[in-house]
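For reference, start.pdb is printed below; it contains PDB, N, CA and C atoms.
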ATOM      1  N   MET A   1     -13.362  -6.553 -24.381
ATOM      2  CA  MET A   1     -12.377  -5.562 -23.953
ATOM      3  C   MET A   1     -11.245  -5.506 -24.970
ATOM      4  N   ASP A   2     -10.813  -4.313 -25.293
ATOM      5  CA  ASP A   2      -9.727  -4.096 -26.233
ATOM      6  C   ASP A   2      -8.407  -4.568 -25.639
ATOM      7  N   THR A   3      -7.717  -5.433 -26.385
ATOM      8  CA  THR A   3      -6.442  -5.985 -25.909
ATOM      9  C   THR A   3      -5.415  -4.890 -25.677
ATOM     10  N   ASN A   4      -5.354  -3.881 -26.546
ATOM     11  CA  ASN A   4      -4.391  -2.798 -26.375
ATOM     12  C   ASN A   4      -4.662  -2.014 -25.094
ATOM     13  N   GLN A   5      -5.940  -1.781 -24.779
ATOM     14  CA  GLN A   5      -6.269  -1.099 -23.529
ATOM     15  C   GLN A   5      -5.825  -1.929 -22.334
ATOM     16  N   THR A   6      -6.009  -3.238 -22.414
ATOM     17  CA  THR A   6      -5.594  -4.120 -21.337
ATOM     18  C   THR A   6      -4.084  -4.072 -21.167
ATOM     19  N   ILE A   7      -3.350  -4.156 -22.252
ATOM     20  CA  ILE A   7      -1.891  -4.115 -22.195
ATOM     21  C   ILE A   7      -1.426  -2.755 -21.696
ATOM     22  N   ASP A   8      -2.047  -1.680 -22.185
ATOM     23  CA  ASP A   8      -1.680  -0.340 -21.722
ATOM     24  C   ASP A   8      -1.921  -0.192 -20.225
ATOM     25  N   GLY A   9      -3.059  -0.677 -19.761
ATOM     26  CA  GLY A   9      -3.379  -0.600 -18.336
ATOM     27  C   GLY A   9      -2.412  -1.411 -17.495
ATOM     28  N   MET A  10      -2.076  -2.594 -17.971
ATOM     29  CA  MET A  10      -1.127  -3.433 -17.242
ATOM     30  C   MET A  10       0.252  -2.773 -17.211
ATOM     31  N   ALA A  11       0.652  -2.165 -18.325
ATOM     32  CA  ALA A  11       1.959  -1.490 -18.370
ATOM     33  C   ALA A  11       2.008  -0.351 -17.359
ATOM     34  N   GLU A  12       0.934   0.424 -17.251
ATOM     35  CA  GLU A  12       0.877   1.511 -16.271
ATOM     36  C   GLU A  12       0.933   0.971 -14.846
ATOM     37  N   THR A  13       0.229  -0.119 -14.600
ATOM     38  CA  THR A  13       0.243  -0.737 -13.274
ATOM     39  C   THR A  13       1.649  -1.216 -12.927
ATOM     40  N   PHE A  14       2.300  -1.860 -13.874
ATOM     41  CA  PHE A  14       3.657  -2.353 -13.604
ATOM     42  C   PHE A  14       4.651  -1.215 -13.427
ATOM     43  N   LYS A  15       4.408  -0.082 -14.077
ATOM     44  CA  LYS A  15       5.254   1.100 -13.822
ATOM     45  C   LYS A  15       5.111   1.546 -12.367
ATOM     46  N   LEU A  16       3.873   1.567 -11.889
ATOM     47  CA  LEU A  16       3.634   1.932 -10.490
ATOM     48  C   LEU A  16       4.351   0.973  -9.546
ATOM     49  N   LEU A  17       4.321  -0.302  -9.874
ATOM     50  CA  LEU A  17       4.911  -1.319  -9.008
ATOM     51  C   LEU A  17       6.421  -1.414  -9.160
ATOM     52  N   GLY A  18       6.981  -0.702 -10.121
ATOM     53  CA  GLY A  18       8.428  -0.703 -10.319
ATOM     54  C   GLY A  18       9.172   0.138  -9.298
ATOM     55  N   ASP A  19       8.444   0.820  -8.453
ATOM     56  CA  ASP A  19       9.042   1.656  -7.419
ATOM     57  C   ASP A  19       9.101   0.870  -6.106
ATOM     58  N   LYS A  20      10.270   0.832  -5.487
ATOM     59  CA  LYS A  20      10.468   0.057  -4.252
ATOM     60  C   LYS A  20       9.508   0.488  -3.142
ATOM     61  N   THR A  21       9.313   1.774  -2.981
ATOM     62  CA  THR A  21       8.428   2.260  -1.916
ATOM     63  C   THR A  21       6.994   1.807  -2.145
ATOM     64  N   ARG A  22       6.516   1.942  -3.377
ATOM     65  CA  ARG A  22       5.134   1.535  -3.658
ATOM     66  C   ARG A  22       4.962   0.022  -3.527
ATOM     67  N   LEU A  23       5.975  -0.730  -3.915
ATOM     68  CA  LEU A  23       5.914  -2.182  -3.763
ATOM     69  C   LEU A  23       5.892  -2.561  -2.286
ATOM     70  N   THR A  24       6.646  -1.838  -1.474
ATOM     71  CA  THR A  24       6.646  -2.076  -0.030
ATOM     72  C   THR A  24       5.290  -1.725   0.572
ATOM     73  N   ILE A  25       4.705  -0.621   0.141
ATOM     74  CA  ILE A  25       3.369  -0.234   0.620
ATOM     75  C   ILE A  25       2.364  -1.325   0.262
ATOM     76  N   LEU A  26       2.455  -1.845  -0.942
ATOM     77  CA  LEU A  26       1.565  -2.922  -1.371
ATOM     78  C   LEU A  26       1.719  -4.128  -0.439
ATOM     79  N   ALA A  27       2.957  -4.478  -0.111
ATOM     80  CA  ALA A  27       3.214  -5.610   0.789
ATOM     81  C   ALA A  27       2.642  -5.337   2.177
ATOM     82  N   LEU A  28       2.762  -4.111   2.662
ATOM     83  CA  LEU A  28       2.206  -3.758   3.970
ATOM     84  C   LEU A  28       0.682  -3.855   3.969
ATOM     85  N   LEU A  29       0.075  -3.337   2.912
ATOM     86  CA  LEU A  29      -1.385  -3.355   2.826
ATOM     87  C   LEU A  29      -1.924  -4.755   2.572
ATOM     88  N   LYS A  30      -1.070  -5.635   2.104
ATOM     89  CA  LYS A  30      -1.451  -7.047   1.949
ATOM     90  C   LYS A  30      -1.801  -7.622   3.314
ATOM     91  N   GLU A  31      -1.138  -7.124   4.361
ATOM     92  CA  GLU A  31      -1.348  -7.631   5.713
ATOM     93  C   GLU A  31      -2.646  -7.119   6.327
ATOM     94  N   ARG A  32      -2.943  -5.832   6.098
ATOM     95  CA  ARG A  32      -4.157  -5.240   6.671
ATOM     96  C   ARG A  32      -4.301  -3.799   6.208
ATOM     97  N   GLU A  33      -5.471  -3.243   6.428
ATOM     98  CA  GLU A  33      -5.721  -1.828   6.192
ATOM     99  C   GLU A  33      -4.843  -1.033   7.153
ATOM    100  N   LEU A  34      -4.247   0.051   6.640
ATOM    101  CA  LEU A  34      -3.371   0.874   7.479
ATOM    102  C   LEU A  34      -3.661   2.350   7.281
ATOM    103  N   CYS A  35      -3.457   3.093   8.355
ATOM    104  CA  CYS A  35      -3.555   4.546   8.328
ATOM    105  C   CYS A  35      -2.274   5.096   7.691
ATOM    106  N   VAL A  36      -2.365   6.253   7.088
ATOM    107  CA  VAL A  36      -1.178   6.896   6.530
ATOM    108  C   VAL A  36      -0.093   7.015   7.594
ATOM    109  N   CYS A  37      -0.494   7.360   8.811
ATOM    110  CA  CYS A  37       0.492   7.514   9.890
ATOM    111  C   CYS A  37       1.224   6.199  10.170
ATOM    112  N   ASN A  38       0.524   5.064  10.043
ATOM    113  CA  ASN A  38       1.173   3.763  10.222
ATOM    114  C   ASN A  38       2.228   3.524   9.149
ATOM    115  N   ILE A  39       1.877   3.843   7.924
ATOM    116  CA  ILE A  39       2.797   3.632   6.798
ATOM    117  C   ILE A  39       4.014   4.537   6.941
ATOM    118  N   VAL A  40       3.785   5.782   7.367
ATOM    119  CA  VAL A  40       4.890   6.720   7.621
ATOM    120  C   VAL A  40       5.849   6.119   8.644
ATOM    121  N   ASP A  41       5.297   5.595   9.742
ATOM    122  CA  ASP A  41       6.135   4.996  10.791
ATOM    123  C   ASP A  41       6.893   3.773  10.281
ATOM    124  N   LEU A  42       6.226   2.929   9.538
ATOM    125  CA  LEU A  42       6.851   1.705   9.049
ATOM    126  C   LEU A  42       7.955   1.977   8.033
ATOM    127  N   LEU A  43       7.742   2.959   7.188
ATOM    128  CA  LEU A  43       8.720   3.255   6.134
ATOM    129  C   LEU A  43       9.759   4.286   6.552
ATOM    130  N   GLN A  44       9.517   4.951   7.697
ATOM    131  CA  GLN A  44      10.423   6.013   8.152
ATOM    132  C   GLN A  44      10.610   7.060   7.059
ATOM    133  N   MET A  45       9.487   7.496   6.503
ATOM    134  CA  MET A  45       9.466   8.518   5.457
ATOM    135  C   MET A  45       8.556   9.649   5.906
ATOM    136  N   SER A  46       8.643  10.769   5.220
ATOM    137  CA  SER A  46       7.779  11.901   5.551
ATOM    138  C   SER A  46       6.345  11.607   5.113
ATOM    139  N   GLN A  47       5.404  12.216   5.811
ATOM    140  CA  GLN A  47       3.996  12.040   5.473
ATOM    141  C   GLN A  47       3.683  12.521   4.055
ATOM    142  N   PRO A  48       4.208  13.682   3.611
ATOM    143  CA  PRO A  48       3.925  14.098   2.239
ATOM    144  C   PRO A  48       4.439  13.108   1.191
ATOM    145  N   SER A  49       5.600  12.521   1.441
ATOM    146  CA  SER A  49       6.158  11.561   0.497
ATOM    147  C   SER A  49       5.292  10.300   0.417
ATOM    148  N   VAL A  50       4.887   9.780   1.568
ATOM    149  CA  VAL A  50       4.030   8.596   1.593
ATOM    150  C   VAL A  50       2.693   8.909   0.924
ATOM    151  N   SER A  51       2.131  10.068   1.233
ATOM    152  CA  SER A  51       0.845  10.458   0.639
ATOM    153  C   SER A  51       0.936  10.561  -0.874
ATOM    154  N   GLN A  52       2.056  11.045  -1.384
ATOM    155  CA  GLN A  52       2.241  11.133  -2.838
ATOM    156  C   GLN A  52       2.224   9.738  -3.465
ATOM    157  N   HIS A  53       2.929   8.799  -2.853
ATOM    158  CA  HIS A  53       2.925   7.428  -3.362
ATOM    159  C   HIS A  53       1.515   6.835  -3.321
ATOM    160  N   LEU A  54       0.809   7.068  -2.224
ATOM    161  CA  LEU A  54      -0.545   6.536  -2.088
ATOM    162  C   LEU A  54      -1.496   7.163  -3.102
ATOM    163  N   ARG A  55      -1.330   8.445  -3.390
ATOM    164  CA  ARG A  55      -2.166   9.105  -4.414
ATOM    165  C   ARG A  55      -1.966   8.442  -5.769
ATOM    166  N   LYS A  56      -0.710   8.169  -6.107
ATOM    167  CA  LYS A  56      -0.427   7.508  -7.388
ATOM    168  C   LYS A  56      -1.027   6.110  -7.427
ATOM    169  N   MET A  57      -0.915   5.399  -6.315
ATOM    170  CA  MET A  57      -1.469   4.046  -6.257
ATOM    171  C   MET A  57      -3.001   4.072  -6.330
ATOM    172  N   LYS A  58      -3.608   5.073  -5.714
ATOM    173  CA  LYS A  58      -5.061   5.205  -5.779
ATOM    174  C   LYS A  58      -5.492   5.526  -7.213
ATOM    175  N   ALA A  59      -4.792   6.447  -7.854
ATOM    176  CA  ALA A  59      -5.110   6.803  -9.238
ATOM    177  C   ALA A  59      -4.943   5.597 -10.166
ATOM    178  N   GLY A  60      -3.998   4.726  -9.841
ATOM    179  CA  GLY A  60      -3.764   3.521 -10.638
ATOM    180  C   GLY A  60      -4.687   2.370 -10.287
ATOM    181  N   GLY A  61      -5.585   2.587  -9.336
ATOM    182  CA  GLY A  61      -6.565   1.566  -8.986
ATOM    183  C   GLY A  61      -6.043   0.460  -8.086
ATOM    184  N   LEU A  62      -4.901   0.683  -7.445
ATOM    185  CA  LEU A  62      -4.318  -0.355  -6.583
ATOM    186  C   LEU A  62      -4.829  -0.302  -5.150
ATOM    187  N   VAL A  63      -5.192   0.893  -4.685
ATOM    188  CA  VAL A  63      -5.648   1.051  -3.311
ATOM    189  C   VAL A  63      -6.916   1.889  -3.266
ATOM    190  N   THR A  64      -7.580   1.786  -2.161
ATOM    191  CA  THR A  64      -8.756   2.611  -1.900
ATOM    192  C   THR A  64      -8.571   3.254  -0.535
ATOM    193  N   GLU A  65      -9.220   4.374  -0.323
ATOM    194  CA  GLU A  65      -9.079   5.076   0.948
ATOM    195  C   GLU A  65     -10.428   5.282   1.604
ATOM    196  N   VAL A  66     -10.388   5.319   2.934
ATOM    197  CA  VAL A  66     -11.571   5.588   3.743
ATOM    198  C   VAL A  66     -11.151   6.570   4.811
ATOM    199  N   ARG A  67     -11.943   7.614   4.987
ATOM    200  CA  ARG A  67     -11.652   8.584   6.048
ATOM    201  C   ARG A  67     -12.445   8.219   7.292
ATOM    202  N   ARG A  68     -11.720   8.237   8.408
ATOM    203  CA  ARG A  68     -12.349   8.025   9.712
ATOM    204  C   ARG A  68     -11.853   9.134  10.621
ATOM    205  N   GLY A  69     -12.718  10.105  10.852
ATOM    206  CA  GLY A  69     -12.301  11.269  11.635
ATOM    207  C   GLY A  69     -11.227  12.020  10.877
ATOM    208  N   LYS A  70     -10.114  12.292  11.551
ATOM    209  CA  LYS A  70      -9.035  13.036  10.890
ATOM    210  C   LYS A  70      -8.038  12.131  10.177
ATOM    211  N   TRP A  71      -8.229  10.816  10.260
ATOM    212  CA  TRP A  71      -7.291   9.862   9.668
ATOM    213  C   TRP A  71      -7.819   9.277   8.368
ATOM    214  N   THR A  72      -6.894   8.963   7.467
ATOM    215  CA  THR A  72      -7.233   8.293   6.219
ATOM    216  C   THR A  72      -6.585   6.913   6.230
ATOM    217  N   TYR A  73      -7.408   5.901   5.985
ATOM    218  CA  TYR A  73      -6.949   4.514   5.977
ATOM    219  C   TYR A  73      -6.950   3.983   4.543
ATOM    220  N   TYR A  74      -5.926   3.202   4.239
ATOM    221  CA  TYR A  74      -5.787   2.640   2.901
ATOM    222  C   TYR A  74      -5.841   1.119   2.959
ATOM    223  N   SER A  75      -6.414   0.550   1.909
ATOM    224  CA  SER A  75      -6.448  -0.900   1.758
ATOM    225  C   SER A  75      -6.290  -1.229   0.269
ATOM    226  N   LEU A  76      -5.993  -2.495  -0.001
ATOM    227  CA  LEU A  76      -5.811  -2.924  -1.377
ATOM    228  C   LEU A  76      -7.135  -2.955  -2.115
ATOM    229  N   LYS A  77      -7.063  -2.675  -3.409
ATOM    230  CA  LYS A  77      -8.240  -2.722  -4.275
ATOM    231  C   LYS A  77      -7.787  -3.389  -5.573
ATOM    232  N   LEU A  78      -7.802  -4.700  -5.599
ATOM    233  CA  LEU A  78      -7.223  -5.416  -6.734
ATOM    234  C   LEU A  78      -8.233  -6.283  -7.477
ATOM    235  N   THR A  79      -9.512  -6.010  -7.294
ATOM    236  CA  THR A  79     -10.532  -6.861  -7.902
ATOM    237  C   THR A  79     -10.432  -6.911  -9.421
ATOM    238  N   GLU A  80      -9.987  -5.833 -10.028
ATOM    239  CA  GLU A  80      -9.881  -5.798 -11.489
ATOM    240  C   GLU A  80      -8.468  -6.100 -11.977
ATOM    241  N   MET A  81      -7.582  -6.493 -11.057
ATOM    242  CA  MET A  81      -6.190  -6.754 -11.417
ATOM    243  C   MET A  81      -5.708  -8.066 -10.809
ATOM    244  N   PRO A  82      -6.210  -9.197 -11.296
ATOM    245  CA  PRO A  82      -5.788 -10.476 -10.718
ATOM    246  C   PRO A  82      -4.289 -10.731 -10.878
ATOM    247  N   TYR A  83      -3.672 -10.151 -11.885
ATOM    248  CA  TYR A  83      -2.232 -10.320 -12.078
ATOM    249  C   TYR A  83      -1.431  -9.670 -10.949
ATOM    250  N   VAL A  84      -1.957  -8.602 -10.348
ATOM    251  CA  VAL A  84      -1.294  -7.975  -9.201
ATOM    252  C   VAL A  84      -1.528  -8.837  -7.958
ATOM    253  N   ASP A  85      -2.720  -9.374  -7.848
ATOM    254  CA  ASP A  85      -3.027 -10.267  -6.734
ATOM    255  C   ASP A  85      -2.062 -11.456  -6.736
ATOM    256  N   ASP A  86      -1.761 -11.980  -7.911
ATOM    257  CA  ASP A  86      -0.797 -13.075  -8.028
ATOM    258  C   ASP A  86       0.593 -12.630  -7.563
ATOM    259  N   LEU A  87       0.963 -11.410  -7.888
ATOM    260  CA  LEU A  87       2.262 -10.871  -7.483
ATOM    261  C   LEU A  87       2.410 -10.833  -5.962
ATOM    262  N   LEU A  88       1.316 -10.568  -5.266
ATOM    263  CA  LEU A  88       1.346 -10.479  -3.800
ATOM    264  C   LEU A  88       1.891 -11.747  -3.150
ATOM    265  N   GLU A  89       1.653 -12.887  -3.793
ATOM    266  CA  GLU A  89       2.142 -14.150  -3.244
ATOM    267  C   GLU A  89       3.668 -14.180  -3.136
ATOM    268  N   TYR A  90       4.346 -13.408  -3.969
ATOM    269  CA  TYR A  90       5.796 -13.441  -4.037
ATOM    270  C   TYR A  90       6.469 -12.340  -3.214
ATOM    271  N   LEU A  91       5.682 -11.418  -2.692
ATOM    272  CA  LEU A  91       6.252 -10.353  -1.869
ATOM    273  C   LEU A  91       6.593 -10.889  -0.485
ATOM    274  N   PRO A  92       7.741 -10.501   0.045
ATOM    275  CA  PRO A  92       8.085 -10.932   1.410
ATOM    276  C   PRO A  92       7.032 -10.436   2.404
ATOM    277  N   SER A  93       6.703 -11.289   3.352
ATOM    278  CA  SER A  93       5.697 -10.942   4.352
ATOM    279  C   SER A  93       6.152  -9.755   5.193
ATOM    280  N   GLN A  94       5.218  -8.869   5.457
ATOM    281  CA  GLN A  94       5.452  -7.718   6.317
ATOM    282  C   GLN A  94       4.646  -7.840   7.604
ATOM    283  N   SER A  95       4.122  -9.028   7.854
ATOM    284  CA  SER A  95       3.222  -9.208   9.002
ATOM    285  C   SER A  95       3.906  -8.905  10.332
ATOM    286  N   LEU A  96       5.157  -9.286  10.486
ATOM    287  CA  LEU A  96       5.864  -9.021  11.740
ATOM    288  C   LEU A  96       6.040  -7.521  11.965
ATOM    289  N   ARG A  97       6.414  -6.797  10.922
ATOM    290  CA  ARG A  97       6.575  -5.340  11.039
ATOM    291  C   ARG A  97       5.262  -4.671  11.434
ATOM    292  N   VAL A  98       4.183  -5.077  10.766
ATOM    293  CA  VAL A  98       2.872  -4.487  11.051
ATOM    294  C   VAL A  98       2.442  -4.847  12.474
ATOM    295  N   LYS A  99       2.632  -6.090  12.856
ATOM    296  CA  LYS A  99       2.259  -6.530  14.209
ATOM    297  C   LYS A  99       3.022  -5.742  15.268
ATOM    298  N   GLN A 100       4.327  -5.578  15.076
ATOM    299  CA  GLN A 100       5.137  -4.833  16.038
ATOM    300  C   GLN A 100       4.668  -3.390  16.152
ATOM    301  N   LEU A 101       4.370  -2.771  15.026
ATOM    302  CA  LEU A 101       3.897  -1.385  15.047
ATOM    303  C   LEU A 101       2.589  -1.277  15.820
ATOM    304  N   LEU A 102       1.657  -2.162  15.542
ATOM    305  CA  LEU A 102       0.352  -2.083  16.189
ATOM    306  C   LEU A 102       0.449  -2.393  17.679
ATOM    307  N   GLU A 103       1.312  -3.328  18.049
ATOM    308  CA  GLU A 103       1.531  -3.613  19.472
ATOM    309  C   GLU A 103       2.144  -2.403  20.164
ATOM    310  N   CYS A 104       3.071  -1.776  19.476
ATOM    311  CA  CYS A 104       3.748  -0.601  20.006
ATOM    312  C   CYS A 104       2.740   0.533  20.213
ATOM    313  N   GLU A 105       1.868   0.733  19.234
ATOM    314  CA  GLU A 105       0.852   1.785  19.357
ATOM    315  C   GLU A 105      -0.094   1.512  20.503
ATOM    316  N   SER A 106      -0.493   0.256  20.671
ATOM    317  CA  SER A 106      -1.439  -0.049  21.735
ATOM    318  C   SER A 106      -0.794   0.092  23.111
ATOM    319  N   ALA A 107       0.521  -0.133  23.175
ATOM    320  CA  ALA A 107       1.229   0.028  24.444
ATOM    321  C   ALA A 107       1.572   1.497  24.699
ATOM    322  N   SER A 108       1.555   2.295  23.643
ATOM    323  CA  SER A 108       1.859   3.737  23.696
ATOM    324  C   SER A 108       3.250   4.060  24.217
ATOM    325  N   SER A 109       4.133   3.087  24.188
ATOM    326  CA  SER A 109       5.521   3.372  24.548
ATOM    327  C   SER A 109       6.420   2.412  23.774
ATOM    328  N   CYS A 110       7.179   2.968  22.853
ATOM    329  CA  CYS A 110       7.997   2.131  21.989
ATOM    330  C   CYS A 110       9.452   2.541  22.076
ATOM    331  N   ASP A 111      10.297   1.566  22.116
ATOM    332  CA  ASP A 111      11.737   1.795  22.039
ATOM    333  C   ASP A 111      12.222   1.247  20.719
ATOM    334  N   ASP A 112      12.862   2.083  19.904
ATOM    335  CA  ASP A 112      13.341   1.624  18.598
ATOM    336  C   ASP A 112      14.584   0.817  18.686
TER     337      ASP A 112
END

Could you write out this file's structure as structure tokens?
Amino acid sequence: MDTNQTIDGMAETFKLLGDKTRLTILALLKERELCVCNIVDLLQMSQPSVSQHLRKMKAGGLVTEVRRGKWTYYSLKLTEMPYVDDLLEYLPSQSLRVKQLLECESASSCDD
């Protein structure tokens, strides 16, 4: 593998991760696969804005998507980027936020 291609690819990946929203999405997806609607709720952002970030992350090879009915679910795809996998260890856990959201959805009644 060409070293310059590797460095160029890593630089592009780190540019993607330099955005707070995308880094937060990465931390959320570290916990589990999530629907776009879940990420919208967790980040309190518009669906188009979240989708734009996810498109960039997908193009950069960080996430993969699966459609189930009318919903699109995202998960991490880091098999070719062990350096990003290492970064995940240092991200603050989002497990409590994800757990609360999923409990809230299953109860179908949430108070903010």

Edge lengths and centre in Å to one decimal, as lines of an AutoDock Vina configuration file, of the axis-aligned box that encloses all listed atoms of segment 53-68 of chain A with 4 Å added on every side?
center_x = -4.8
center_y = 4.4
center_z = 0.0
size_x = 23.4
size_y = 17.5
size_z = 29.3

Can you measure atom N of Ser46 of chain A to atom CA of Leu17 of chain A for me? One decimal in Å is fine.
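Taking atom N of Ser46 of chain A as the start and atom CA of Leu17 of chain A as the end point, the length is 19.0 Å.
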
With a distance cut-off of 9 Å and only C-alpha atoms, select the neighbouring residues of segment 59-74 of chain A, excluding the residue or stretch itself and same-chain residues fewer than 5 positions from it, and output the selection as a PyMOL selection string.
chain A and resi 9+12-13+16+26+29+32-37+54+80-81+84

To one decimal place, how far is atom C of Thr21 of chain A from atom C of Lys77 of chain A in Å?
16.0 Å

Neighbouring residues of segment 88-99 of chain A were defined as those with any atom within 10 Å, considering only C-alpha atoms; residues of the same chain fewer than 2 positions away were excluded. Please report them as a list in words.
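Once the adjacent positions are removed, what remains is Leu23, Thr24, Ile25, Leu26, Ala27, Leu28, Leu29, Lys30, Glu31, Arg32, Leu34, Asn38, Ile39, Leu42, Pro82, Tyr83, Val84, Asp85, Asp86, Leu101, Leu102, Glu103, Cys104 and Glu105 of chain A.
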
Could you save those same residues with N, CA and C atoms as an mmCIF file, in the frame of the given file?
data_model
loop_
_atom_site.group_PDB
_atom_site.id
_atom_site.type_symbol
_atom_site.label_atom_id
_atom_site.label_comp_id
_atom_site.auth_asym_id
_atom_site.auth_seq_id
_atom_site.Cartn_x
_atom_site.Cartn_y
_atom_site.Cartn_z
ATOM 1 N N LEU A 23 5.975 -0.730 -3.915
ATOM 2 C CA LEU A 23 5.914 -2.182 -3.763
ATOM 3 C C LEU A 23 5.892 -2.561 -2.286
ATOM 4 N N THR A 24 6.646 -1.838 -1.474
ATOM 5 C CA THR A 24 6.646 -2.076 -0.030
ATOM 6 C C THR A 24 5.290 -1.725 0.572
ATOM 7 N N ILE A 25 4.705 -0.621 0.141
ATOM 8 C CA ILE A 25 3.369 -0.234 0.620
ATOM 9 C C ILE A 25 2.364 -1.325 0.262
ATOM 10 N N LEU A 26 2.455 -1.845 -0.942
ATOM 11 C CA LEU A 26 1.565 -2.922 -1.371
ATOM 12 C C LEU A 26 1.719 -4.128 -0.439
ATOM 13 N N ALA A 27 2.957 -4.478 -0.111
ATOM 14 C CA ALA A 27 3.214 -5.610 0.789
ATOM 15 C C ALA A 27 2.642 -5.337 2.177
ATOM 16 N N LEU A 28 2.762 -4.111 2.662
ATOM 17 C CA LEU A 28 2.206 -3.758 3.970
ATOM 18 C C LEU A 28 0.682 -3.855 3.969
ATOM 19 N N LEU A 29 0.075 -3.337 2.912
ATOM 20 C CA LEU A 29 -1.385 -3.355 2.826
ATOM 21 C C LEU A 29 -1.924 -4.755 2.572
ATOM 22 N N LYS A 30 -1.070 -5.635 2.104
ATOM 23 C CA LYS A 30 -1.451 -7.047 1.949
ATOM 24 C C LYS A 30 -1.801 -7.622 3.314
ATOM 25 N N GLU A 31 -1.138 -7.124 4.361
ATOM 26 C CA GLU A 31 -1.348 -7.631 5.713
ATOM 27 C C GLU A 31 -2.646 -7.119 6.327
ATOM 28 N N ARG A 32 -2.943 -5.832 6.098
ATOM 29 C CA ARG A 32 -4.157 -5.240 6.671
ATOM 30 C C ARG A 32 -4.301 -3.799 6.208
ATOM 31 N N LEU A 34 -4.247 0.051 6.640
ATOM 32 C CA LEU A 34 -3.371 0.874 7.479
ATOM 33 C C LEU A 34 -3.661 2.350 7.281
ATOM 34 N N ASN A 38 0.524 5.064 10.043
ATOM 35 C CA ASN A 38 1.173 3.763 10.222
ATOM 36 C C ASN A 38 2.228 3.524 9.149
ATOM 37 N N ILE A 39 1.877 3.843 7.924
ATOM 38 C CA ILE A 39 2.797 3.632 6.798
ATOM 39 C C ILE A 39 4.014 4.537 6.941
ATOM 40 N N LEU A 42 6.226 2.929 9.538
ATOM 41 C CA LEU A 42 6.851 1.705 9.049
ATOM 42 C C LEU A 42 7.955 1.977 8.033
ATOM 43 N N PRO A 82 -6.210 -9.197 -11.296
ATOM 44 C CA PRO A 82 -5.788 -10.476 -10.718
ATOM 45 C C PRO A 82 -4.289 -10.731 -10.878
ATOM 46 N N TYR A 83 -3.672 -10.151 -11.885
ATOM 47 C CA TYR A 83 -2.232 -10.320 -12.078
ATOM 48 C C TYR A 83 -1.431 -9.670 -10.949
ATOM 49 N N VAL A 84 -1.957 -8.602 -10.348
ATOM 50 C CA VAL A 84 -1.294 -7.975 -9.201
ATOM 51 C C VAL A 84 -1.528 -8.837 -7.958
ATOM 52 N N ASP A 85 -2.720 -9.374 -7.848
ATOM 53 C CA ASP A 85 -3.027 -10.267 -6.734
ATOM 54 C C ASP A 85 -2.062 -11.456 -6.736
ATOM 55 N N ASP A 86 -1.761 -11.980 -7.911
ATOM 56 C CA ASP A 86 -0.797 -13.075 -8.028
ATOM 57 C C ASP A 86 0.593 -12.630 -7.563
ATOM 58 N N LEU A 101 4.370 -2.771 15.026
ATOM 59 C CA LEU A 101 3.897 -1.385 15.047
ATOM 60 C C LEU A 101 2.589 -1.277 15.820
ATOM 61 N N LEU A 102 1.657 -2.162 15.542
ATOM 62 C CA LEU A 102 0.352 -2.083 16.189
ATOM 63 C C LEU A 102 0.449 -2.393 17.679
ATOM 64 N N GLU A 103 1.312 -3.328 18.049
ATOM 65 C CA GLU A 103 1.531 -3.613 19.472
ATOM 66 C C GLU A 103 2.144 -2.403 20.164
ATOM 67 N N CYS A 104 3.071 -1.776 19.476
ATOM 68 C CA CYS A 104 3.748 -0.601 20.006
ATOM 69 C C CYS A 104 2.740 0.533 20.213
ATOM 70 N N GLU A 105 1.868 0.733 19.234
ATOM 71 C CA GLU A 105 0.852 1.785 19.357
ATOM 72 C C GLU A 105 -0.094 1.512 20.503
#

Give me, please, the distance in Å between atom CA of Val40 of chain A and atom CA of Gln52 of chain A, quoted to one decimal.
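For atom CA of Val40 of chain A relative to atom CA of Gln52 of chain A, the distance reads 11.7 Å.
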
Write out as a PyMOL selection string all residues of chain A that DSSP puts in strand (DSSP E) for this structure's backbone.
chain A and resi 34-35+63-68+71-76

Write down as a PyMOL selection string the residues of segment 17-84 of chain A whose backbone DSSP state falls under helix (DSSP H, G or I).
chain A and resi 17+20-31+36-43+47-59+82-84
